[in-house]
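Asker: What follows is a structure written as structure tokens; I'll ask about it next.
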Amino acid sequence: MRVLIVETNPALTRLWSDHLLRQKIAVDCAHDPDQARDLLDQQSYDVVAVNTDFAGGKGIVIADYVAFRLPQARVVFVTSSTFFSDGSIFNHITNAHACVSADTPSEDLANVIAFHGSSKGG
């Protein structure tokens, strides 16, 4: 399984990726929109974990690009906003498979990502 983490905070991406690596999941990290697009153009991913607030709200744009570039990939959103707390993100983003709070423990987030990656195609 391959995962792309799209988050501007390098310490947070390191923490999330450490939990995924412990589960033997391959992880790449992008810290800006150009880096995310480049990785999506060069690699195939099972899951893309993206902060909805990424680069000033470009997380949704990245998710749209994932849907175009890798339609089979699942997107797990991480958000500190209550804007999508009603579940409307699933109506707007076709490849959204989970939306979790930014204060979710890293180990739990890693388990959500692993679940969605392992249940792909099933």
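Ordering of the structure tokens sets the chain letters (A, B, ...), residue numbers begin anew at 1 in every chain, and ligands are numbered from 1 in the order given.
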So that I can check the surroundings of A:Pro33, please list as a PyMOL selection string every protein, DNA and RNA residue that reaches within 10 Å of it, counting only C-alpha atoms and ignoring chain neighbours fewer than 5 positions away.
Answerer: chain A and resi 6-8+38-39+54-55+58-59+61-62
Asker: Under the rule that only C-alpha atoms are counted, which of A:Ala11, A:Leu109, A:Ala26, A:Val76 is the nearest residue to A:Thr52?
Answerer: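 The answer is A:Val76, which sits nearest to A:Thr52.
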Asker: Do you know which residues are at most 12 Å from A:Gln72 counting only C-alpha atoms, after dropping those on the same chain fewer than 2 positions away, and could you put them as a VMD selection string?
Answerer: chain A and resid 44 to 48 66 to 70 74 to 75 94 to 97 116 to 117 119 to 122
Asker: Output N, CA and C atoms for every residue in that selection, as a compact mmCIF listing (two decimals), in the first residue's frame.
Answerer:
```
# COMPACT_ATOMS: atom_id res chain seq x y z
N SER A 44 1.71 6.22 -8.07
CA SER A 44 0.34 5.79 -7.84
C SER A 44 0.16 5.61 -6.33
N TYR A 45 -0.97 6.05 -5.82
CA TYR A 45 -1.24 5.95 -4.38
C TYR A 45 -2.59 5.27 -4.17
N ASP A 46 -2.67 4.52 -3.07
CA ASP A 46 -3.93 3.91 -2.67
C ASP A 46 -4.77 4.90 -1.87
N VAL A 47 -4.09 5.68 -1.03
CA VAL A 47 -4.76 6.66 -0.18
C VAL A 47 -3.97 7.95 -0.19
N VAL A 48 -4.71 9.06 -0.22
CA VAL A 48 -4.10 10.38 -0.07
C VAL A 48 -4.76 11.01 1.15
N VAL A 66 -6.52 14.51 -7.39
CA VAL A 66 -6.40 13.07 -7.14
C VAL A 66 -7.49 12.33 -7.91
N ALA A 67 -8.72 12.85 -7.88
CA ALA A 67 -9.83 12.20 -8.60
C ALA A 67 -9.56 12.14 -10.09
N PHE A 68 -8.93 13.17 -10.64
CA PHE A 68 -8.59 13.20 -12.06
C PHE A 68 -7.43 12.28 -12.38
N ARG A 69 -6.37 12.39 -11.60
CA ARG A 69 -5.11 11.69 -11.88
C ARG A 69 -5.14 10.23 -11.45
N LEU A 70 -5.72 9.95 -10.28
CA LEU A 70 -5.75 8.59 -9.71
C LEU A 70 -7.16 8.29 -9.22
N ARG A 74 -8.23 6.66 -2.71
CA ARG A 74 -9.18 7.15 -1.71
C ARG A 74 -8.57 8.34 -0.98
N VAL A 75 -9.41 9.31 -0.68
CA VAL A 75 -8.95 10.51 0.01
C VAL A 75 -9.48 10.49 1.44
N THR A 94 -16.00 13.39 -4.69
CA THR A 94 -16.41 12.02 -4.99
C THR A 94 -15.49 10.95 -4.43
N ASN A 95 -14.21 11.29 -4.27
CA ASN A 95 -13.26 10.28 -3.79
C ASN A 95 -12.99 10.38 -2.29
N ALA A 96 -13.78 11.20 -1.57
CA ALA A 96 -13.63 11.31 -0.12
C ALA A 96 -14.18 10.04 0.53
N HIS A 97 -13.35 9.43 1.37
CA HIS A 97 -13.78 8.21 2.05
C HIS A 97 -13.81 8.36 3.55
N HIS A 116 -8.80 2.23 4.94
CA HIS A 116 -9.31 2.63 3.62
C HIS A 116 -8.40 2.14 2.50
N GLY A 117 -7.13 2.06 2.75
CA GLY A 117 -6.22 1.53 1.74
C GLY A 117 -6.38 0.03 1.55
N SER A 119 -9.09 -1.73 2.15
CA SER A 119 -10.42 -2.12 1.68
C SER A 119 -10.70 -1.65 0.26
N LYS A 120 -9.67 -1.09 -0.40
CA LYS A 120 -9.82 -0.65 -1.78
C LYS A 120 -10.22 -1.81 -2.67
N GLY A 121 -11.19 -1.55 -3.48
CA GLY A 121 -11.63 -2.57 -4.44
C GLY A 121 -12.55 -3.59 -3.84
N GLY A 122 -12.84 -3.46 -2.55
CA GLY A 122 -13.72 -4.44 -1.94
C GLY A 122 -14.96 -3.86 -1.39
```
Asker: Residues of chain A in strand (DSSP E or B) according to DSSP, as a list in words?
Answerer: Arg2, Val3, Leu4, Ile5, Val6, Ala26, Val27, Asp28, Cys29, Ala30, Val47, Val48, Ala49, Val50, Asn51, Arg74, Val75, Val76, Phe77, Val78, Thr79, Ala96, His97, Ala98, Cys99, Val100 and Ser101 of chain A
Asker: Restricting the calculation to only C-alpha atoms, which member of A:Ala63, A:His31, A:Ala73, A:Arg22 is positioned closest to A:Asn111?
Answerer: A:Arg22
Asker: Rounded to one decimal in Å, what is the spacing between atom CA of A:Ser101 and atom CA of A:Ala114?
Answerer: 16.6 Å
Asker: Smallest atom-to-atom distance to A:Ser118: which of A:Asp18, A:Ile25, A:Asn9, A:Ala98, using only C-alpha atoms?
Answerer: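 Using only C-alpha atoms, A:Ser118 sits closest to A:Ile25.
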Asker: Per DSSP on the backbone, filter stretch 27-80 of chain A down to the residues in helix (DSSP H, G or I) and report them as a ChimeraX atom specification.
Answerer: /A:33-42,54-57,59-69
Asker: Which residue gives the smallest distance to A:Val78 among A:Gln43, A:Leu21, A:Asp32, A:Trp16, with only C-alpha atoms counted?
Answerer: A:Trp16
Asker: Rounded to one decimal place, report the atom CA of A:Gly57-atom CA of A:Phe77 distance in Å.
Answerer: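 Atom CA of A:Phe77 lies 12.0 Å from atom CA of A:Gly57.
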